[in-house]
$ cat structure.txt   # compact mmCIF, N, CA and C atoms
# COMPACT_ATOMS: atom_id res chain seq x y z
N MET S 13 -1.39 -28.74 -21.47
CA MET S 13 -0.34 -27.80 -21.18
C MET S 13 0.07 -27.97 -19.72
N THR S 14 1.35 -28.10 -19.48
CA THR S 14 1.84 -28.23 -18.12
C THR S 14 1.99 -26.86 -17.51
N LYS S 15 1.70 -26.78 -16.24
CA LYS S 15 1.77 -25.51 -15.54
C LYS S 15 3.07 -25.45 -14.73
N LEU S 16 3.83 -24.41 -14.93
CA LEU S 16 5.09 -24.24 -14.21
C LEU S 16 4.95 -23.13 -13.19
N THR S 17 5.58 -23.30 -12.05
CA THR S 17 5.66 -22.21 -11.11
C THR S 17 6.81 -21.30 -11.55
N LEU S 18 6.86 -20.13 -10.96
CA LEU S 18 7.95 -19.22 -11.32
C LEU S 18 9.32 -19.80 -10.95
N ARG S 19 9.35 -20.52 -9.84
CA ARG S 19 10.62 -21.13 -9.42
C ARG S 19 11.08 -22.18 -10.44
N GLU S 20 10.12 -23.02 -10.89
CA GLU S 20 10.49 -24.04 -11.88
C GLU S 20 10.92 -23.40 -13.20
N ALA S 21 10.24 -22.31 -13.59
CA ALA S 21 10.62 -21.63 -14.83
C ALA S 21 12.01 -21.03 -14.72
N SER S 22 12.32 -20.45 -13.58
CA SER S 22 13.66 -19.87 -13.42
C SER S 22 14.73 -20.96 -13.41
N ARG S 23 14.42 -22.10 -12.78
CA ARG S 23 15.38 -23.22 -12.80
C ARG S 23 15.57 -23.76 -14.21
N LEU S 24 14.49 -23.84 -14.96
CA LEU S 24 14.57 -24.31 -16.33
C LEU S 24 15.44 -23.37 -17.17
N ILE S 25 15.24 -22.09 -16.99
CA ILE S 25 16.04 -21.12 -17.74
C ILE S 25 17.50 -21.19 -17.31
N SER S 26 17.75 -21.24 -15.99
CA SER S 26 19.13 -21.24 -15.51
C SER S 26 19.85 -22.55 -15.84
N SER S 27 19.10 -23.65 -15.93
CA SER S 27 19.76 -24.91 -16.24
C SER S 27 20.15 -24.99 -17.71
N ARG S 28 19.50 -24.23 -18.55
CA ARG S 28 19.77 -24.26 -19.97
C ARG S 28 20.45 -22.99 -20.47
N SER S 29 21.02 -22.25 -19.59
CA SER S 29 21.66 -21.02 -20.01
C SER S 29 23.17 -21.16 -19.93
N SER S 30 23.82 -20.37 -20.74
CA SER S 30 25.27 -20.35 -20.69
C SER S 30 25.72 -18.91 -20.58
N ALA S 31 26.81 -18.68 -19.92
CA ALA S 31 27.30 -17.32 -19.71
C ALA S 31 28.66 -17.16 -20.38
N MET S 32 28.83 -16.02 -21.01
CA MET S 32 30.11 -15.68 -21.63
C MET S 32 30.57 -14.36 -21.05
N THR S 33 31.85 -14.22 -20.85
CA THR S 33 32.34 -12.97 -20.28
C THR S 33 32.40 -11.90 -21.36
N LYS S 34 32.09 -10.69 -20.95
CA LYS S 34 32.19 -9.53 -21.84
C LYS S 34 33.55 -8.89 -21.63
N GLY S 35 33.92 -8.04 -22.52
CA GLY S 35 35.18 -7.33 -22.35
C GLY S 35 35.11 -6.27 -21.28
N THR S 36 33.90 -5.90 -20.85
CA THR S 36 33.73 -4.84 -19.85
C THR S 36 33.72 -5.38 -18.43
N GLY S 37 33.93 -6.65 -18.25
CA GLY S 37 33.96 -7.23 -16.91
C GLY S 37 32.66 -7.87 -16.50
N GLY S 38 31.60 -7.77 -17.32
CA GLY S 38 30.32 -8.38 -16.98
C GLY S 38 30.15 -9.71 -17.69
N TYR S 39 28.95 -10.24 -17.60
CA TYR S 39 28.62 -11.51 -18.23
C TYR S 39 27.46 -11.32 -19.19
N GLN S 40 27.43 -12.11 -20.23
CA GLN S 40 26.31 -12.12 -21.16
C GLN S 40 25.69 -13.50 -21.12
N PHE S 41 24.38 -13.55 -20.82
CA PHE S 41 23.69 -14.82 -20.68
C PHE S 41 22.90 -15.12 -21.94
N GLU S 42 22.90 -16.37 -22.34
CA GLU S 42 22.09 -16.82 -23.47
C GLU S 42 21.25 -17.99 -22.99
N ALA S 43 19.97 -17.80 -22.99
CA ALA S 43 19.07 -18.86 -22.54
C ALA S 43 18.66 -19.72 -23.73
N GLU S 44 18.67 -21.01 -23.53
CA GLU S 44 18.26 -21.95 -24.58
C GLU S 44 17.02 -22.68 -24.11
N LEU S 45 15.89 -22.31 -24.64
CA LEU S 45 14.64 -22.98 -24.28
C LEU S 45 14.09 -23.65 -25.54
N GLN S 46 14.62 -24.81 -25.82
CA GLN S 46 14.21 -25.49 -27.04
C GLN S 46 13.11 -26.51 -26.78
N THR S 47 13.06 -27.10 -25.62
CA THR S 47 12.10 -28.17 -25.38
C THR S 47 10.74 -27.66 -24.89
N ARG S 48 10.73 -26.56 -24.15
CA ARG S 48 9.47 -26.04 -23.60
C ARG S 48 9.33 -24.56 -23.91
N ASN S 49 8.14 -24.18 -24.20
CA ASN S 49 7.85 -22.76 -24.38
C ASN S 49 7.06 -22.31 -23.16
N ILE S 50 7.66 -21.48 -22.32
CA ILE S 50 7.02 -21.08 -21.06
C ILE S 50 6.26 -19.77 -21.20
N THR S 51 6.21 -19.20 -22.37
CA THR S 51 5.52 -17.93 -22.56
C THR S 51 4.05 -18.00 -22.17
N PRO S 52 3.28 -19.00 -22.58
CA PRO S 52 1.86 -19.05 -22.16
C PRO S 52 1.70 -19.15 -20.65
N VAL S 53 2.60 -19.84 -20.01
CA VAL S 53 2.53 -19.98 -18.55
C VAL S 53 2.76 -18.63 -17.90
N LEU S 54 3.77 -17.92 -18.38
CA LEU S 54 4.06 -16.60 -17.81
C LEU S 54 2.93 -15.62 -18.10
N GLU S 55 2.34 -15.70 -19.27
CA GLU S 55 1.22 -14.82 -19.59
C GLU S 55 0.02 -15.12 -18.68
N ALA S 56 -0.19 -16.38 -18.37
CA ALA S 56 -1.27 -16.74 -17.46
C ALA S 56 -1.00 -16.20 -16.06
N GLU S 57 0.24 -16.29 -15.62
CA GLU S 57 0.61 -15.75 -14.31
C GLU S 57 0.39 -14.24 -14.29
N ILE S 58 0.78 -13.56 -15.34
CA ILE S 58 0.62 -12.11 -15.42
C ILE S 58 -0.86 -11.74 -15.38
N ALA S 59 -1.68 -12.50 -16.12
CA ALA S 59 -3.12 -12.24 -16.13
C ALA S 59 -3.72 -12.43 -14.74
N ALA S 60 -3.29 -13.47 -14.05
CA ALA S 60 -3.79 -13.71 -12.69
C ALA S 60 -3.38 -12.58 -11.75
N MET S 61 -2.15 -12.12 -11.87
CA MET S 61 -1.68 -11.03 -11.01
C MET S 61 -2.42 -9.73 -11.32
N ARG S 62 -2.74 -9.51 -12.58
CA ARG S 62 -3.51 -8.31 -12.93
C ARG S 62 -4.91 -8.39 -12.35
N ALA S 63 -5.51 -9.57 -12.37
CA ALA S 63 -6.85 -9.73 -11.79
C ALA S 63 -6.82 -9.44 -10.29
N VAL S 64 -5.82 -9.95 -9.61
CA VAL S 64 -5.68 -9.70 -8.17
C VAL S 64 -5.46 -8.20 -7.93
N SER S 65 -4.67 -7.58 -8.78
CA SER S 65 -4.42 -6.15 -8.66
C SER S 65 -5.70 -5.35 -8.80
N GLU S 66 -6.55 -5.72 -9.76
CA GLU S 66 -7.82 -5.03 -9.95
C GLU S 66 -8.73 -5.20 -8.74
N LEU S 67 -8.75 -6.41 -8.16
CA LEU S 67 -9.56 -6.64 -6.96
C LEU S 67 -9.08 -5.79 -5.79
N LEU S 68 -7.77 -5.73 -5.61
CA LEU S 68 -7.21 -4.93 -4.53
C LEU S 68 -7.49 -3.44 -4.75
N ARG S 69 -7.39 -3.01 -5.99
CA ARG S 69 -7.67 -1.60 -6.30
C ARG S 69 -9.13 -1.28 -6.00
N ALA S 70 -10.05 -2.19 -6.32
CA ALA S 70 -11.47 -1.97 -6.03
C ALA S 70 -11.71 -1.92 -4.51
N GLN S 71 -11.05 -2.80 -3.76
CA GLN S 71 -11.19 -2.78 -2.31
C GLN S 71 -10.67 -1.47 -1.73
N LEU S 72 -9.56 -0.98 -2.26
CA LEU S 72 -9.00 0.28 -1.78
C LEU S 72 -9.95 1.43 -2.06
N THR S 73 -10.56 1.44 -3.22
CA THR S 73 -11.52 2.49 -3.55
C THR S 73 -12.72 2.45 -2.61
N ASP S 74 -13.24 1.26 -2.35
CA ASP S 74 -14.36 1.12 -1.42
C ASP S 74 -13.99 1.58 -0.02
N THR S 75 -12.79 1.23 0.42
CA THR S 75 -12.33 1.63 1.75
C THR S 75 -12.20 3.14 1.86
N ARG S 76 -11.68 3.76 0.82
CA ARG S 76 -11.55 5.23 0.84
C ARG S 76 -12.92 5.90 0.89
N LYS S 77 -13.90 5.38 0.13
CA LYS S 77 -15.25 5.94 0.16
C LYS S 77 -15.86 5.80 1.55
N GLU S 78 -15.68 4.63 2.16
CA GLU S 78 -16.22 4.41 3.49
C GLU S 78 -15.56 5.33 4.52
N CYS S 79 -14.28 5.52 4.39
CA CYS S 79 -13.55 6.41 5.30
C CYS S 79 -14.09 7.85 5.16
N GLU S 80 -14.32 8.29 3.93
CA GLU S 80 -14.85 9.63 3.70
C GLU S 80 -16.25 9.77 4.29
N ARG S 81 -17.05 8.73 4.16
CA ARG S 81 -18.41 8.75 4.72
C ARG S 81 -18.36 8.87 6.24
N TRP S 82 -17.47 8.12 6.88
CA TRP S 82 -17.33 8.20 8.35
C TRP S 82 -16.79 9.57 8.78
N ARG S 83 -15.89 10.13 7.99
CA ARG S 83 -15.33 11.44 8.31
C ARG S 83 -16.45 12.50 8.27
N GLN S 84 -17.30 12.45 7.24
CA GLN S 84 -18.40 13.40 7.14
C GLN S 84 -19.38 13.24 8.30
N LYS S 85 -19.65 12.00 8.66
CA LYS S 85 -20.57 11.76 9.78
C LYS S 85 -19.97 12.30 11.08
N ALA S 86 -18.69 12.10 11.29
CA ALA S 86 -18.03 12.59 12.51
C ALA S 86 -18.04 14.13 12.54
N GLU S 87 -17.83 14.75 11.39
CA GLU S 87 -17.86 16.22 11.36
C GLU S 87 -19.26 16.73 11.67
N ARG S 88 -20.28 16.04 11.20
CA ARG S 88 -21.64 16.46 11.42
C ARG S 88 -22.03 16.31 12.90
N LEU S 89 -21.48 15.29 13.56
CA LEU S 89 -21.86 15.00 14.94
C LEU S 89 -20.95 15.65 15.98
N THR S 90 -19.98 16.42 15.56
CA THR S 90 -19.08 17.03 16.54
C THR S 90 -19.83 18.05 17.38
N LEU S 91 -19.38 18.24 18.59
CA LEU S 91 -20.00 19.20 19.50
C LEU S 91 -19.61 20.61 19.10
N PRO S 92 -20.51 21.56 19.34
CA PRO S 92 -20.14 22.94 19.04
C PRO S 92 -19.04 23.40 20.00
N PRO S 93 -18.29 24.41 19.62
CA PRO S 93 -17.23 24.87 20.53
C PRO S 93 -17.85 25.40 21.83
N PRO S 94 -17.17 25.24 22.94
CA PRO S 94 -17.73 25.68 24.21
C PRO S 94 -17.86 27.21 24.24
N ALA S 95 -18.87 27.65 24.97
CA ALA S 95 -19.08 29.10 25.11
C ALA S 95 -17.92 29.68 25.90
N PRO S 96 -17.55 30.91 25.57
CA PRO S 96 -16.43 31.50 26.32
C PRO S 96 -16.82 31.69 27.78
N ALA S 97 -15.89 31.45 28.64
CA ALA S 97 -16.12 31.59 30.08
C ALA S 97 -16.27 33.07 30.41
N PRO S 98 -17.18 33.39 31.35
CA PRO S 98 -17.33 34.81 31.72
C PRO S 98 -16.04 35.32 32.35
N ALA S 99 -15.81 36.58 32.15
CA ALA S 99 -14.60 37.19 32.70
C ALA S 99 -14.69 37.19 34.22
N PRO S 100 -13.63 36.82 34.89
CA PRO S 100 -13.68 36.80 36.36
C PRO S 100 -13.76 38.23 36.91
N GLU S 101 -14.41 38.32 38.07
CA GLU S 101 -14.50 39.62 38.71
C GLU S 101 -13.11 40.05 39.16
N PRO S 102 -12.85 41.33 39.07
CA PRO S 102 -11.53 41.79 39.52
C PRO S 102 -11.39 41.54 41.03
N LEU S 103 -10.26 41.13 41.42
CA LEU S 103 -10.02 40.83 42.83
C LEU S 103 -9.85 42.13 43.60
N ARG S 104 -10.57 42.16 44.72
CA ARG S 104 -10.38 43.32 45.60
C ARG S 104 -9.29 42.97 46.59
N HIS S 105 -8.45 43.87 46.74
CA HIS S 105 -7.41 43.65 47.75
C HIS S 105 -7.97 44.09 49.09
N ARG S 106 -8.03 43.20 49.99
CA ARG S 106 -8.55 43.53 51.31
C ARG S 106 -7.55 43.08 52.35
N ARG S 107 -7.69 43.70 53.37
CA ARG S 107 -6.79 43.35 54.48
C ARG S 107 -7.46 42.27 55.32
N TRP S 108 -6.69 41.59 56.10
CA TRP S 108 -7.19 40.44 56.81
C TRP S 108 -8.25 40.81 57.85
N TRP S 109 -8.27 41.99 58.34
CA TRP S 109 -9.24 42.34 59.36
C TRP S 109 -10.53 42.90 58.79
N GLN S 110 -10.57 43.14 57.46
CA GLN S 110 -11.79 43.70 56.87
C GLN S 110 -12.72 42.53 56.48
N PRO S 111 -14.03 42.72 56.65
CA PRO S 111 -14.97 41.65 56.26
C PRO S 111 -15.05 41.55 54.73
N ALA S 112 -15.47 40.44 54.31
CA ALA S 112 -15.53 40.18 52.87
C ALA S 112 -16.60 40.92 52.21
$ encode --input "structure.txt" --output "structure tokens"
Amino acid sequence: MTKLTLREASRLISSRSSAMTKGTGGYQFEAELQTRNITPVLEAEIAAMRAVSELLRAQLTDTRKECERWRQKAERLTLPPPAPAPAPEPLRHRRWWQPA
């Protein structure tokens, strides 16, 4: 079985297709694939992409778990809030010639 890339498959389809105009102003394409059947190739590509998708999904799940673990550790190690500062003594108004 020959392996086609997506680009080669699209060129194969476009080289064997014909377009007819519709009455609505658009085009209707008819692809003629008589010499090669590219369905197995496309199914293999889809299967490979699904495998990659599953691997990426597993990595994302692991990363989220690790992030949650680090978040919990950071919350556990945070410093307690600082104690409130004592209220300042009220200022006495004194004149410049009076001793402190």
$ atom_distance --input "structure.txt" --atom1 "atom C of S:Ala60" --atom2 "atom N of S:Glu20"
17.1 Å
$ atom_distance --input "structure.txt" --atom1 "atom CA of S:Leu72" --atom2 "atom C of S:Glu87"
23.6 Å
$ atom_distance --input "structure.txt" --atom1 "atom N of S:Arg19" --atom2 "atom N of S:Asn49"
14.9 Å
$ axis_aligned_box --input "structure.txt" --around "stretch 59-70 of chain S" --padding-each-side "8 Å" --output "JSON"
{"center_x": -6.7, "center_y": -7.5, "center_z": -10.3, "size_x": 26.0, "size_y": 28.4, "size_z": 27.6}
$ decode --input "structure.txt" --residues "stretch 73-101 of chain S" --atoms "N, CA and C atoms" --output "mmCIF file, in the first residue's frame"
data_model
loop_
_atom_site.group_PDB
_atom_site.id
_atom_site.type_symbol
_atom_site.label_atom_id
_atom_site.label_comp_id
_atom_site.auth_asym_id
_atom_site.auth_seq_id
_atom_site.Cartn_x
_atom_site.Cartn_y
_atom_site.Cartn_z
ATOM 1 N N THR S 73 -3.486 16.252 31.712
ATOM 2 C CA THR S 73 -4.010 15.777 32.986
ATOM 3 C C THR S 73 -2.898 15.693 34.032
ATOM 4 N N ASP S 74 -1.748 15.156 33.653
ATOM 5 C CA ASP S 74 -0.616 15.081 34.576
ATOM 6 C C ASP S 74 -0.157 16.463 35.012
ATOM 7 N N THR S 75 -0.112 17.401 34.081
ATOM 8 C CA THR S 75 0.313 18.761 34.401
ATOM 9 C C THR S 75 -0.660 19.424 35.362
ATOM 10 N N ARG S 76 -1.942 19.214 35.155
ATOM 11 C CA ARG S 76 -2.941 19.802 36.065
ATOM 12 C C ARG S 76 -2.813 19.214 37.466
ATOM 13 N N LYS S 77 -2.574 17.897 37.571
ATOM 14 C CA LYS S 77 -2.398 17.272 38.886
ATOM 15 C C LYS S 77 -1.167 17.833 39.588
ATOM 16 N N GLU S 78 -0.079 17.989 38.829
ATOM 17 C CA GLU S 78 1.142 18.527 39.415
ATOM 18 C C GLU S 78 0.949 19.971 39.869
ATOM 19 N N CYS S 79 0.234 20.737 39.089
ATOM 20 C CA CYS S 79 -0.046 22.131 39.449
ATOM 21 C C CYS S 79 -0.863 22.182 40.749
ATOM 22 N N GLU S 80 -1.860 21.314 40.869
ATOM 23 C CA GLU S 80 -2.677 21.272 42.081
ATOM 24 C C GLU S 80 -1.833 20.871 43.292
ATOM 25 N N ARG S 81 -0.926 19.935 43.093
ATOM 26 C CA ARG S 81 -0.041 19.505 44.182
ATOM 27 C C ARG S 81 0.844 20.660 44.653
ATOM 28 N N TRP S 82 1.399 21.416 43.713
ATOM 29 C CA TRP S 82 2.240 22.567 44.072
ATOM 30 C C TRP S 82 1.416 23.662 44.746
ATOM 31 N N ARG S 83 0.181 23.847 44.297
ATOM 32 C CA ARG S 83 -0.687 24.857 44.897
ATOM 33 C C ARG S 83 -0.961 24.494 46.365
ATOM 34 N N GLN S 84 -1.259 23.220 46.631
ATOM 35 C CA GLN S 84 -1.521 22.788 48.000
ATOM 36 C C GLN S 84 -0.280 22.951 48.874
ATOM 37 N N LYS S 85 0.870 22.635 48.316
ATOM 38 C CA LYS S 85 2.109 22.780 49.080
ATOM 39 C C LYS S 85 2.370 24.260 49.393
ATOM 40 N N ALA S 86 2.130 25.133 48.446
ATOM 41 C CA ALA S 86 2.337 26.565 48.664
ATOM 42 C C ALA S 86 1.361 27.101 49.715
ATOM 43 N N GLU S 87 0.125 26.620 49.687
ATOM 44 C CA GLU S 87 -0.838 27.071 50.695
ATOM 45 C C GLU S 87 -0.430 26.592 52.083
ATOM 46 N N ARG S 88 0.113 25.401 52.177
ATOM 47 C CA ARG S 88 0.526 24.857 53.453
ATOM 48 C C ARG S 88 1.729 25.617 54.015
ATOM 49 N N LEU S 89 2.608 26.085 53.127
ATOM 50 C CA LEU S 89 3.836 26.742 53.570
ATOM 51 C C LEU S 89 3.731 28.261 53.672
ATOM 52 N N THR S 90 2.582 28.817 53.419
ATOM 53 C CA THR S 90 2.459 30.277 53.488
ATOM 54 C C THR S 90 2.629 30.754 54.922
ATOM 55 N N LEU S 91 3.116 31.955 55.070
ATOM 56 C CA LEU S 91 3.319 32.539 56.389
ATOM 57 C C LEU S 91 1.983 32.961 56.977
ATOM 58 N N PRO S 92 1.873 32.903 58.296
ATOM 59 C CA PRO S 92 0.628 33.382 58.906
ATOM 60 C C PRO S 92 0.519 34.894 58.727
ATOM 61 N N PRO S 93 -0.678 35.421 58.798
ATOM 62 C CA PRO S 93 -0.804 36.877 58.635
ATOM 63 C C PRO S 93 -0.071 37.596 59.767
ATOM 64 N N PRO S 94 0.483 38.754 59.495
ATOM 65 C CA PRO S 94 1.240 39.465 60.532
ATOM 66 C C PRO S 94 0.309 39.909 61.665
ATOM 67 N N ALA S 95 0.892 39.959 62.854
ATOM 68 C CA ALA S 95 0.116 40.415 64.013
ATOM 69 C C ALA S 95 -0.210 41.891 63.833
ATOM 70 N N PRO S 96 -1.369 42.290 64.327
ATOM 71 C CA PRO S 96 -1.712 43.718 64.167
ATOM 72 C C PRO S 96 -0.738 44.582 64.962
ATOM 73 N N ALA S 97 -0.389 45.687 64.399
ATOM 74 C CA ALA S 97 0.541 46.606 65.043
ATOM 75 C C ALA S 97 -0.153 47.247 66.242
ATOM 76 N N PRO S 98 0.604 47.468 67.335
ATOM 77 C CA PRO S 98 -0.025 48.110 68.493
ATOM 78 C C PRO S 98 -0.460 49.525 68.138
ATOM 79 N N ALA S 99 -1.505 49.942 68.787
ATOM 80 C CA ALA S 99 -2.024 51.291 68.520
ATOM 81 C C ALA S 99 -0.994 52.314 68.999
ATOM 82 N N PRO S 100 -0.738 53.322 68.211
ATOM 83 C CA PRO S 100 0.243 54.333 68.630
ATOM 84 C C PRO S 100 -0.301 55.155 69.807
ATOM 85 N N GLU S 101 0.642 55.605 70.617
ATOM 86 C CA GLU S 101 0.242 56.449 71.741
ATOM 87 C C GLU S 101 -0.290 57.765 71.213
#
